[in-house]
Structures are given as structure tokens and as C-alpha cells.
$ cat target-v7.cif   # mmCIF, N, CA and C atoms
data_entry
#
loop_
_atom_site.label_atom_id
_atom_site.label_comp_id
_atom_site.auth_asym_id
_atom_site.auth_seq_id
_atom_site.Cartn_x
_atom_site.Cartn_y
_atom_site.Cartn_z
N MET R 1 22.71 3.72 -4.36
CA MET R 1 21.67 3.13 -3.54
C MET R 1 20.94 2.04 -4.32
N SER R 2 20.58 1.02 -3.63
CA SER R 2 19.89 -0.09 -4.27
C SER R 2 18.38 0.06 -4.07
N LEU R 3 17.62 -0.23 -5.12
CA LEU R 3 16.16 -0.21 -5.08
C LEU R 3 15.64 -1.57 -5.50
N ARG R 4 14.49 -1.92 -4.94
CA ARG R 4 13.84 -3.17 -5.32
C ARG R 4 12.36 -2.86 -5.55
N LEU R 5 11.81 -3.31 -6.66
CA LEU R 5 10.39 -3.15 -6.96
C LEU R 5 9.69 -4.49 -6.76
N THR R 6 8.60 -4.48 -6.01
CA THR R 6 7.84 -5.68 -5.73
C THR R 6 6.37 -5.43 -6.04
N THR R 7 5.75 -6.34 -6.75
CA THR R 7 4.31 -6.23 -6.99
C THR R 7 3.57 -6.45 -5.68
N TYR R 8 2.55 -5.62 -5.45
CA TYR R 8 1.79 -5.65 -4.20
C TYR R 8 0.31 -5.70 -4.56
N LEU R 9 -0.36 -6.78 -4.14
CA LEU R 9 -1.78 -6.95 -4.41
C LEU R 9 -2.58 -6.54 -3.19
N VAL R 10 -3.53 -5.64 -3.38
CA VAL R 10 -4.42 -5.22 -2.29
C VAL R 10 -5.78 -5.86 -2.54
N MET R 11 -6.16 -6.75 -1.65
CA MET R 11 -7.36 -7.55 -1.81
C MET R 11 -8.51 -6.99 -0.96
N ASN R 12 -9.70 -7.50 -1.20
CA ASN R 12 -10.89 -7.02 -0.51
C ASN R 12 -11.40 -8.06 0.48
N GLY R 13 -10.52 -8.44 1.42
CA GLY R 13 -10.92 -9.41 2.44
C GLY R 13 -10.62 -10.85 2.07
N ASN R 14 -10.02 -11.08 0.91
CA ASN R 14 -9.74 -12.45 0.49
C ASN R 14 -8.25 -12.71 0.23
N ALA R 15 -7.38 -11.96 0.91
CA ALA R 15 -5.94 -12.15 0.74
C ALA R 15 -5.51 -13.55 1.17
N LYS R 16 -6.06 -14.06 2.27
CA LYS R 16 -5.70 -15.41 2.74
C LYS R 16 -6.07 -16.44 1.68
N GLU R 17 -7.24 -16.28 1.08
CA GLU R 17 -7.67 -17.19 0.01
C GLU R 17 -6.72 -17.10 -1.18
N ALA R 18 -6.28 -15.88 -1.53
CA ALA R 18 -5.35 -15.70 -2.64
C ALA R 18 -4.00 -16.36 -2.33
N ILE R 19 -3.52 -16.21 -1.10
CA ILE R 19 -2.26 -16.85 -0.71
C ILE R 19 -2.37 -18.36 -0.87
N ASP R 20 -3.46 -18.94 -0.34
CA ASP R 20 -3.66 -20.39 -0.46
C ASP R 20 -3.70 -20.81 -1.93
N PHE R 21 -4.38 -20.03 -2.75
CA PHE R 21 -4.49 -20.32 -4.17
C PHE R 21 -3.13 -20.30 -4.85
N TYR R 22 -2.33 -19.26 -4.59
CA TYR R 22 -1.01 -19.14 -5.23
C TYR R 22 -0.04 -20.21 -4.72
N GLU R 23 -0.21 -20.63 -3.46
CA GLU R 23 0.62 -21.72 -2.95
C GLU R 23 0.38 -22.99 -3.77
N LYS R 24 -0.87 -23.26 -4.09
CA LYS R 24 -1.20 -24.47 -4.86
C LYS R 24 -0.91 -24.27 -6.35
N ALA R 25 -1.38 -23.17 -6.92
CA ALA R 25 -1.29 -22.97 -8.36
C ALA R 25 0.13 -22.68 -8.84
N LEU R 26 0.91 -21.95 -8.02
CA LEU R 26 2.23 -21.51 -8.46
C LEU R 26 3.36 -22.03 -7.58
N ASP R 27 3.05 -22.97 -6.68
CA ASP R 27 4.04 -23.51 -5.75
C ASP R 27 4.70 -22.40 -4.93
N ALA R 28 3.91 -21.40 -4.56
CA ALA R 28 4.43 -20.27 -3.77
C ALA R 28 4.75 -20.73 -2.36
N LYS R 29 5.71 -20.05 -1.76
CA LYS R 29 6.11 -20.32 -0.38
C LYS R 29 5.80 -19.08 0.45
N LEU R 30 5.08 -19.27 1.55
CA LEU R 30 4.75 -18.17 2.44
C LEU R 30 5.99 -17.75 3.23
N LEU R 31 6.39 -16.49 3.09
CA LEU R 31 7.56 -15.97 3.81
C LEU R 31 7.16 -15.21 5.06
N PHE R 32 6.01 -14.52 5.01
CA PHE R 32 5.57 -13.71 6.15
C PHE R 32 4.08 -13.46 6.02
N CYS R 33 3.39 -13.46 7.15
CA CYS R 33 1.96 -13.15 7.15
C CYS R 33 1.58 -12.57 8.51
N GLN R 34 0.90 -11.44 8.49
CA GLN R 34 0.44 -10.79 9.72
C GLN R 34 -0.99 -10.30 9.50
N THR R 35 -1.84 -10.53 10.47
CA THR R 35 -3.22 -10.06 10.38
C THR R 35 -3.35 -8.68 11.03
N PHE R 36 -4.45 -8.02 10.75
CA PHE R 36 -4.71 -6.73 11.41
C PHE R 36 -4.80 -6.92 12.92
N GLY R 37 -5.32 -8.06 13.36
CA GLY R 37 -5.43 -8.33 14.79
C GLY R 37 -4.09 -8.51 15.47
N GLU R 38 -3.04 -8.83 14.72
CA GLU R 38 -1.71 -9.02 15.29
C GLU R 38 -0.89 -7.73 15.32
N MET R 39 -1.40 -6.68 14.70
CA MET R 39 -0.68 -5.40 14.68
C MET R 39 -0.84 -4.71 16.04
N PRO R 40 0.10 -3.80 16.37
CA PRO R 40 -0.09 -3.00 17.57
C PRO R 40 -1.36 -2.16 17.43
N GLU R 41 -2.08 -2.00 18.53
CA GLU R 41 -3.31 -1.20 18.49
C GLU R 41 -3.00 0.25 18.18
N ASN R 42 -3.89 0.86 17.40
CA ASN R 42 -3.78 2.28 17.07
C ASN R 42 -5.12 2.92 17.38
N PRO R 43 -5.18 3.79 18.40
CA PRO R 43 -6.47 4.39 18.78
C PRO R 43 -7.10 5.23 17.66
N GLU R 44 -6.30 5.68 16.70
CA GLU R 44 -6.84 6.48 15.61
C GLU R 44 -7.51 5.60 14.55
N PHE R 45 -7.16 4.33 14.51
CA PHE R 45 -7.71 3.41 13.52
C PHE R 45 -8.15 2.13 14.20
N ARG R 46 -9.27 2.19 14.89
CA ARG R 46 -9.79 1.01 15.59
C ARG R 46 -10.32 0.00 14.58
N LEU R 47 -10.03 -1.27 14.87
CA LEU R 47 -10.51 -2.35 14.00
C LEU R 47 -11.96 -2.66 14.32
N PRO R 48 -12.80 -2.71 13.30
CA PRO R 48 -14.16 -3.17 13.54
C PRO R 48 -14.15 -4.63 13.98
N GLU R 49 -15.04 -4.99 14.87
CA GLU R 49 -15.10 -6.35 15.37
C GLU R 49 -15.32 -7.32 14.21
N GLY R 50 -14.61 -8.44 14.26
CA GLY R 50 -14.75 -9.46 13.22
C GLY R 50 -13.79 -9.30 12.06
N THR R 51 -12.94 -8.27 12.08
CA THR R 51 -12.01 -8.05 10.97
C THR R 51 -10.56 -8.33 11.36
N GLU R 52 -10.37 -8.84 12.56
CA GLU R 52 -9.01 -9.08 13.06
C GLU R 52 -8.23 -10.07 12.21
N GLY R 53 -8.92 -10.98 11.53
CA GLY R 53 -8.26 -12.01 10.74
C GLY R 53 -7.88 -11.58 9.33
N ARG R 54 -8.27 -10.36 8.94
CA ARG R 54 -7.87 -9.88 7.61
C ARG R 54 -6.36 -9.70 7.59
N ILE R 55 -5.76 -9.89 6.44
CA ILE R 55 -4.30 -9.82 6.29
C ILE R 55 -3.86 -8.36 6.17
N SER R 56 -2.96 -7.94 7.09
CA SER R 56 -2.41 -6.58 7.01
C SER R 56 -1.17 -6.56 6.13
N HIS R 57 -0.43 -7.65 6.10
CA HIS R 57 0.73 -7.74 5.21
C HIS R 57 1.18 -9.19 5.12
N ALA R 58 1.48 -9.60 3.90
CA ALA R 58 2.02 -10.94 3.67
C ALA R 58 2.98 -10.89 2.50
N MET R 59 3.92 -11.82 2.50
CA MET R 59 4.85 -11.95 1.38
C MET R 59 4.99 -13.41 1.05
N ILE R 60 4.88 -13.70 -0.24
CA ILE R 60 5.10 -15.06 -0.72
C ILE R 60 6.20 -15.02 -1.78
N ARG R 61 6.87 -16.14 -1.94
CA ARG R 61 7.90 -16.26 -2.97
C ARG R 61 7.42 -17.25 -4.02
N ILE R 62 7.48 -16.80 -5.25
CA ILE R 62 7.10 -17.64 -6.39
C ILE R 62 8.35 -17.74 -7.26
N GLY R 63 8.95 -18.90 -7.29
CA GLY R 63 10.22 -19.05 -8.00
C GLY R 63 11.25 -18.14 -7.35
N GLU R 64 11.78 -17.19 -8.12
CA GLU R 64 12.78 -16.25 -7.60
C GLU R 64 12.19 -14.87 -7.34
N SER R 65 10.86 -14.74 -7.42
CA SER R 65 10.21 -13.44 -7.25
C SER R 65 9.35 -13.42 -6.00
N ASP R 66 9.25 -12.25 -5.41
CA ASP R 66 8.39 -12.05 -4.25
C ASP R 66 7.12 -11.34 -4.67
N LEU R 67 6.04 -11.64 -3.98
CA LEU R 67 4.76 -10.99 -4.18
C LEU R 67 4.22 -10.62 -2.81
N MET R 68 3.85 -9.34 -2.63
CA MET R 68 3.27 -8.89 -1.38
C MET R 68 1.76 -8.82 -1.54
N LEU R 69 1.05 -9.09 -0.44
CA LEU R 69 -0.41 -9.03 -0.44
C LEU R 69 -0.91 -8.44 0.86
N SER R 70 -2.06 -7.82 0.81
CA SER R 70 -2.77 -7.40 2.01
C SER R 70 -4.23 -7.25 1.66
N ASP R 71 -5.06 -7.20 2.69
CA ASP R 71 -6.45 -6.81 2.52
C ASP R 71 -6.55 -5.31 2.75
N THR R 72 -7.59 -4.70 2.20
CA THR R 72 -7.82 -3.30 2.52
C THR R 72 -8.09 -3.18 4.01
N PHE R 73 -7.76 -2.03 4.58
CA PHE R 73 -8.11 -1.79 5.98
C PHE R 73 -9.63 -1.81 6.07
N PRO R 74 -10.18 -2.47 7.08
CA PRO R 74 -11.64 -2.55 7.18
C PRO R 74 -12.29 -1.17 7.06
N GLY R 75 -13.27 -1.09 6.17
CA GLY R 75 -13.99 0.15 5.96
C GLY R 75 -13.44 1.01 4.84
N GLN R 76 -12.23 0.70 4.35
CA GLN R 76 -11.65 1.47 3.25
C GLN R 76 -12.22 0.95 1.93
N PRO R 77 -12.39 1.84 0.96
CA PRO R 77 -12.95 1.40 -0.31
C PRO R 77 -11.97 0.50 -1.08
N HIS R 78 -12.53 -0.38 -1.86
CA HIS R 78 -11.74 -1.26 -2.72
C HIS R 78 -12.41 -1.28 -4.08
N GLN R 79 -11.62 -1.12 -5.11
CA GLN R 79 -12.17 -1.14 -6.46
C GLN R 79 -11.37 -2.12 -7.29
N SER R 80 -12.05 -3.10 -7.85
CA SER R 80 -11.35 -4.04 -8.72
C SER R 80 -10.69 -3.27 -9.85
N GLY R 81 -9.47 -3.67 -10.15
CA GLY R 81 -8.72 -2.99 -11.21
C GLY R 81 -7.60 -2.13 -10.66
N ASN R 82 -7.72 -1.68 -9.42
CA ASN R 82 -6.64 -0.87 -8.86
C ASN R 82 -5.97 -1.57 -7.68
N GLN R 83 -6.18 -2.88 -7.58
CA GLN R 83 -5.60 -3.59 -6.44
C GLN R 83 -4.14 -3.97 -6.64
N VAL R 84 -3.57 -3.70 -7.81
CA VAL R 84 -2.17 -4.00 -8.04
C VAL R 84 -1.37 -2.71 -7.84
N THR R 85 -0.42 -2.76 -6.92
CA THR R 85 0.45 -1.62 -6.67
C THR R 85 1.89 -2.07 -6.79
N ILE R 86 2.79 -1.12 -6.74
CA ILE R 86 4.22 -1.42 -6.77
C ILE R 86 4.83 -0.93 -5.47
N CYS R 87 5.55 -1.81 -4.81
CA CYS R 87 6.25 -1.44 -3.58
C CYS R 87 7.70 -1.16 -3.94
N ILE R 88 8.16 0.05 -3.66
CA ILE R 88 9.55 0.43 -3.89
C ILE R 88 10.27 0.33 -2.54
N THR R 89 11.26 -0.51 -2.46
CA THR R 89 11.98 -0.76 -1.22
C THR R 89 13.39 -0.19 -1.31
N THR R 90 13.77 0.53 -0.25
CA THR R 90 15.12 1.06 -0.13
C THR R 90 15.56 0.93 1.33
N ALA R 91 16.84 1.02 1.57
CA ALA R 91 17.36 1.01 2.94
C ALA R 91 17.66 2.43 3.42
N ASP R 92 17.49 3.41 2.55
CA ASP R 92 17.88 4.79 2.83
C ASP R 92 16.66 5.71 2.95
N PRO R 93 16.36 6.22 4.16
CA PRO R 93 15.21 7.10 4.34
C PRO R 93 15.27 8.36 3.45
N ALA R 94 16.46 8.88 3.19
CA ALA R 94 16.58 10.07 2.33
C ALA R 94 16.17 9.71 0.89
N GLN R 95 16.54 8.53 0.44
CA GLN R 95 16.15 8.10 -0.89
C GLN R 95 14.64 7.86 -0.94
N ALA R 96 14.08 7.30 0.12
CA ALA R 96 12.64 7.10 0.19
C ALA R 96 11.92 8.44 0.06
N ARG R 97 12.40 9.46 0.76
CA ARG R 97 11.80 10.79 0.70
C ARG R 97 11.88 11.36 -0.72
N GLN R 98 13.04 11.22 -1.35
CA GLN R 98 13.23 11.74 -2.71
C GLN R 98 12.25 11.07 -3.68
N ILE R 99 12.12 9.77 -3.59
CA ILE R 99 11.22 9.03 -4.48
C ILE R 99 9.76 9.41 -4.19
N TYR R 100 9.41 9.46 -2.92
CA TYR R 100 8.06 9.81 -2.52
C TYR R 100 7.68 11.20 -3.03
N ASP R 101 8.56 12.16 -2.82
CA ASP R 101 8.29 13.53 -3.27
C ASP R 101 8.15 13.60 -4.79
N ALA R 102 9.02 12.88 -5.50
CA ALA R 102 8.96 12.91 -6.96
C ALA R 102 7.66 12.29 -7.48
N LEU R 103 7.26 11.15 -6.91
CA LEU R 103 6.02 10.50 -7.35
C LEU R 103 4.78 11.29 -6.94
N SER R 104 4.89 12.08 -5.89
CA SER R 104 3.75 12.87 -5.40
C SER R 104 3.44 14.07 -6.29
N GLN R 105 4.43 14.54 -7.07
CA GLN R 105 4.22 15.71 -7.92
C GLN R 105 3.08 15.42 -8.89
N ASP R 106 2.07 16.26 -8.83
CA ASP R 106 0.86 16.12 -9.67
C ASP R 106 0.13 14.80 -9.41
N GLY R 107 0.45 14.13 -8.30
CA GLY R 107 -0.23 12.89 -7.92
C GLY R 107 -1.09 13.11 -6.69
N GLN R 108 -1.40 12.03 -6.01
CA GLN R 108 -2.25 12.10 -4.82
C GLN R 108 -1.63 11.29 -3.69
N ILE R 109 -1.47 11.93 -2.55
CA ILE R 109 -0.92 11.26 -1.37
C ILE R 109 -2.03 10.43 -0.72
N GLN R 110 -1.76 9.14 -0.57
CA GLN R 110 -2.70 8.25 0.10
C GLN R 110 -2.36 8.10 1.58
N MET R 111 -1.06 8.11 1.88
CA MET R 111 -0.57 8.03 3.27
C MET R 111 0.73 8.81 3.31
N PRO R 112 0.82 9.81 4.18
CA PRO R 112 2.07 10.58 4.26
C PRO R 112 3.26 9.69 4.59
N LEU R 113 4.42 10.05 4.07
CA LEU R 113 5.64 9.33 4.39
C LEU R 113 5.95 9.56 5.86
N GLN R 114 6.07 8.47 6.63
CA GLN R 114 6.20 8.61 8.08
C GLN R 114 6.85 7.38 8.69
N ASP R 115 7.28 7.55 9.93
CA ASP R 115 7.80 6.45 10.73
C ASP R 115 6.62 5.60 11.18
N THR R 116 6.73 4.28 10.98
CA THR R 116 5.68 3.35 11.41
C THR R 116 6.31 2.27 12.28
N PHE R 117 5.49 1.40 12.82
CA PHE R 117 6.04 0.32 13.65
C PHE R 117 6.85 -0.67 12.83
N PHE R 118 6.68 -0.68 11.51
CA PHE R 118 7.39 -1.66 10.67
C PHE R 118 8.42 -1.04 9.74
N SER R 119 8.48 0.29 9.67
CA SER R 119 9.42 0.95 8.76
C SER R 119 9.75 2.34 9.28
N PRO R 120 11.02 2.75 9.17
CA PRO R 120 11.36 4.11 9.61
C PRO R 120 10.85 5.19 8.65
N SER R 121 10.40 4.78 7.46
CA SER R 121 9.92 5.76 6.48
C SER R 121 9.04 5.03 5.46
N TYR R 122 7.72 5.17 5.64
CA TYR R 122 6.77 4.44 4.80
C TYR R 122 5.64 5.37 4.39
N GLY R 123 5.23 5.30 3.13
CA GLY R 123 4.10 6.09 2.67
C GLY R 123 3.52 5.49 1.40
N ILE R 124 2.34 5.97 1.04
CA ILE R 124 1.65 5.48 -0.16
C ILE R 124 1.24 6.69 -1.00
N VAL R 125 1.50 6.61 -2.29
CA VAL R 125 1.18 7.70 -3.20
C VAL R 125 0.66 7.11 -4.51
N THR R 126 -0.29 7.82 -5.11
CA THR R 126 -0.73 7.51 -6.47
C THR R 126 -0.15 8.57 -7.37
N ASP R 127 0.63 8.14 -8.37
CA ASP R 127 1.30 9.14 -9.22
C ASP R 127 0.30 9.76 -10.21
N LYS R 128 0.76 10.69 -11.00
CA LYS R 128 -0.12 11.44 -11.90
C LYS R 128 -0.71 10.55 -13.01
N PHE R 129 -0.21 9.33 -13.15
CA PHE R 129 -0.74 8.40 -14.14
C PHE R 129 -1.74 7.41 -13.52
N GLY R 130 -1.97 7.54 -12.21
CA GLY R 130 -2.91 6.66 -11.52
C GLY R 130 -2.29 5.37 -11.02
N VAL R 131 -0.94 5.28 -11.03
CA VAL R 131 -0.24 4.09 -10.54
C VAL R 131 0.00 4.25 -9.04
N ASN R 132 -0.36 3.22 -8.28
CA ASN R 132 -0.19 3.25 -6.82
C ASN R 132 1.17 2.70 -6.44
N PHE R 133 1.87 3.45 -5.57
CA PHE R 133 3.19 3.05 -5.07
C PHE R 133 3.20 3.06 -3.55
N HIS R 134 3.77 2.01 -2.97
CA HIS R 134 4.10 1.97 -1.55
C HIS R 134 5.60 2.24 -1.48
N ILE R 135 6.01 3.23 -0.72
CA ILE R 135 7.43 3.50 -0.52
C ILE R 135 7.79 2.93 0.85
N TYR R 136 8.67 1.95 0.85
CA TYR R 136 9.01 1.21 2.06
C TYR R 136 10.51 1.30 2.31
N THR R 137 10.87 1.74 3.51
CA THR R 137 12.28 1.79 3.91
C THR R 137 12.51 0.66 4.90
N GLU R 138 13.50 -0.18 4.59
CA GLU R 138 13.86 -1.27 5.49
C GLU R 138 14.51 -0.71 6.74
N GLY R 139 14.46 -1.45 7.81
CA GLY R 139 15.21 -1.01 8.97
C GLY R 139 14.57 -1.35 10.29
N LYS R 140 13.27 -1.66 10.33
CA LYS R 140 12.63 -2.05 11.58
C LYS R 140 12.18 -3.49 11.44
N GLN R 141 12.31 -4.24 12.49
CA GLN R 141 11.85 -5.63 12.48
C GLN R 141 10.83 -5.83 13.55
#

$ encode --input "target-v7.cif" --output "C-alpha cells"
Amino acid sequence: MSLRLTTYLVMNGNAKEAIDFYEKALDAKLLFCQTFGEMPENPEFRLPEGTEGRISHAMIRIGESDLMLSDTFPGQPHQSGNQVTICITTADPAQARQIYDALSQDGQIQMPLQDTFFSPSYGIVTDKFGVNFHIYTEGKQ
């Protein structure tokens, strides 16, 4: 099975500004950008008014490397210093489960591994060393 690790920056409402900055400073190319307002509505997680323009997910390419960015979900805490995470991408949901379970041992689950509108198997975990991982399974567009 093939795995890909991508750096993922979680910003505090300034992801769009960071994207613009990296486009100029590093000649980055925007590959994808979606705001919270463009996501399907979720009655369990209503967006506070005025936060629709925050970035829910973006990807830029810098040279031959990709960088993912998002803003925190409105109302979620953000602490400088922990905004860098690693996104582990696989095409195999069973492999995603194995990685998620292994990283969860003695760690903390931030989001259970689950089917989402953008991935058949996605979750977030902080491992026992305090490193944040997004486990992303390709397969939904």
C-alpha cells in the first residue's frame, strides 16, 4: 500500500491570508480551496454567522510539494505552536483504520475515524508524543 505524508497547517481565521502570502513568497499554486460556507450543512455543527468565509480545506503546491491549510472550525480553540499537523493519505480504508488505531494507542482521539462527505474514512488523532495526525482515505470527490 502506498502512503503519502503532507504537512497540514491549521490557522486561526487567517488561512486565506497565509495562502496569499505563500503564493507571493514561495510562488505557490492554489490547487483547491473550500470555505466552511461551501460545505454541506451539518445540523450538529452549525456555522456561526460571519464565519462562512473561513477556509475549511485548501491545498497549495510549492515546487514539487503540497501543503494543506485550513482554519479552525469556528469556536474551536487554537493554540499557536500546535497548528502544524501531518496528513497521512491512503487509498485503503483498512490501512487507514490500522494507522488510526496504532496512533491512537496512548494518544487522544480528536475526531473518530468515519465516513465523511469528502472521504470514506477520515479521522484526527494526537499521538502519545503530542503530534497531530489527520488520517485521510482517498475515494470521494

$ resolve_selection --input "target-v7.cif" --expression "the PyMOL selection byres ((chain R and resi 9-19) around 5)" --output "JSON list (two decimals) with N, CA and C atoms, keeping the file's coordinate frame"
[["chain", "number", "residue", "atom", "x", "y", "z"],
["R", 7, "THR", "N", 5.75, -6.34, -6.75],
["R", 7, "THR", "CA", 4.31, -6.23, -6.99],
["R", 7, "THR", "C", 3.57, -6.45, -5.68],
["R", 8, "TYR", "N", 2.55, -5.62, -5.45],
["R", 8, "TYR", "CA", 1.79, -5.65, -4.20],
["R", 8, "TYR", "C", 0.31, -5.70, -4.56],
["R", 20, "ASP", "N", -3.46, -18.94, -0.34],
["R", 20, "ASP", "CA", -3.66, -20.39, -0.46],
["R", 20, "ASP", "C", -3.70, -20.81, -1.93],
["R", 21, "PHE", "N", -4.38, -20.03, -2.75],
["R", 21, "PHE", "CA", -4.49, -20.32, -4.17],
["R", 21, "PHE", "C", -3.13, -20.30, -4.85],
["R", 22, "TYR", "N", -2.33, -19.26, -4.59],
["R", 22, "TYR", "CA", -1.01, -19.14, -5.23],
["R", 22, "TYR", "C", -0.04, -20.21, -4.72],
["R", 23, "GLU", "N", -0.21, -20.63, -3.46],
["R", 23, "GLU", "CA", 0.62, -21.72, -2.95],
["R", 23, "GLU", "C", 0.38, -22.99, -3.77],
["R", 68, "MET", "N", 3.85, -9.34, -2.63],
["R", 68, "MET", "CA", 3.27, -8.89, -1.38],
["R", 68, "MET", "C", 1.76, -8.82, -1.54],
["R", 69, "LEU", "N", 1.05, -9.09, -0.44],
["R", 69, "LEU", "CA", -0.41, -9.03, -0.44],
["R", 69, "LEU", "C", -0.91, -8.44, 0.86],
["R", 70, "SER", "N", -2.06, -7.82, 0.81],
["R", 70, "SER", "CA", -2.77, -7.40, 2.01],
["R", 70, "SER", "C", -4.23, -7.25, 1.66],
["R", 71, "ASP", "N", -5.06, -7.20, 2.69],
["R", 71, "ASP", "CA", -6.45, -6.81, 2.52],
["R", 71, "ASP", "C", -6.55, -5.31, 2.75],
["R", 72, "THR", "N", -7.59, -4.70, 2.20],
["R", 72, "THR", "CA", -7.82, -3.30, 2.52],
["R", 72, "THR", "C", -8.09, -3.18, 4.01],
["R", 83, "GLN", "N", -6.18, -2.88, -7.58],
["R", 83, "GLN", "CA", -5.60, -3.59, -6.44],
["R", 83, "GLN", "C", -4.14, -3.97, -6.64],
["R", 84, "VAL", "N", -3.57, -3.70, -7.81],
["R", 84, "VAL", "CA", -2.17, -4.00, -8.04],
["R", 84, "VAL", "C", -1.37, -2.71, -7.84],
["R", 85, "THR", "N", -0.42, -2.76, -6.92],
["R", 85, "THR", "CA", 0.45, -1.62, -6.67],
["R", 85, "THR", "C", 1.89, -2.07, -6.79]]

$ residues_near_point --input "target-v7.cif" --point "(12.4, 10.2, -4.0)" --cutoff "12 Å" --atoms "only C-alpha atoms" --output "list in words"
Met1, Leu3, Ile88, Thr89, Thr90, Asp92, Pro93, Ala94, Gln95, Ala96, Arg97, Gln98, Ile99, Tyr100, Asp101, Ala102, Leu103, Ser104, Gln105, Leu113, Ser121, Tyr122, Gly123, Val125, Phe133, His134, Ile135, Tyr136 and Thr137 of chain R

$ closest_residue --input "target-v7.cif" --among "R:Pro48, R:His57, R:Glu138, R:Lys128" --to "Phe32 of chain R" --atoms "all atoms listed in the file"
R:His57

$ resolve_selection --input "target-v7.cif" --expression "the PyMOL selection byres ((chain R and resi 31) around 6.5)" --output "PyMOL selection string"
chain R and resi 29-30+32-33+59-61

$ residues_near_point --input "target-v7.cif" --point "(-2.9, -9.4, 7.8)" --cutoff "7 Å" --atoms "only N, CA and C atoms" --output "list in words"
Cys33, Gln34, Thr35, Phe36, Gly37, Glu38, Glu52, Gly53, Arg54, Ile55, Ser56, His57, Ala58, Ser70 and Asp71 of chain R

$ atom_distance --input "target-v7.cif" --atom1 "atom C of Gln108 of chain R" --atom2 "atom N of Pro120 of chain R"
20.0 Å

$ select_by_dssp --input "target-v7.cif" --residues "segment 40-110 of chain R" --states "strand (DSSP E)" --output "PyMOL selection string"
chain R and resi 55-62+65-71+84-90+108-110

$ select_by_dssp --input "target-v7.cif" --residues "chain R" --states "alpha helix (DSSP H)" --output "list in words"
Ala15, Lys16, Glu17, Ala18, Ile19, Asp20, Phe21, Tyr22, Glu23, Lys24, Ala25, Leu26, Pro93, Ala94, Gln95, Ala96, Arg97, Gln98, Ile99, Tyr100, Asp101, Ala102, Leu103 and Ser104 of chain R

$ closest_residue --input "target-v7.cif" --among "R:Asp127, R:Thr51, R:Thr6, R:Leu67" --to "Gly107 of chain R" --atoms "only N, CA and C atoms"
R:Asp127

$ axis_aligned_box --input "target-v7.cif" --around "segment 45-54 of chain R" --padding-each-side "5 Å" --output "AutoDock Vina command-line options"
--center_x -10.8 --center_y -3.8 --center_z 11.6 --size_x 19.0 --size_y 26.3 --size_z 18.0

$ closest_residue --input "target-v7.cif" --among "R:Ile124, R:Ile109, R:Val131, R:Leu47" --to "Phe73 of chain R" --atoms "only C-alpha atoms"
R:Leu47

$ atom_distance --input "target-v7.cif" --atom1 "atom CA of Ser2 of chain R" --atom2 "atom CA of Gln110 of chain R"
24.5 Å

$ atom_distance --input "target-v7.cif" --atom1 "atom CA of Glu41 of chain R" --atom2 "atom CA of Phe118 of chain R"
13.3 Å
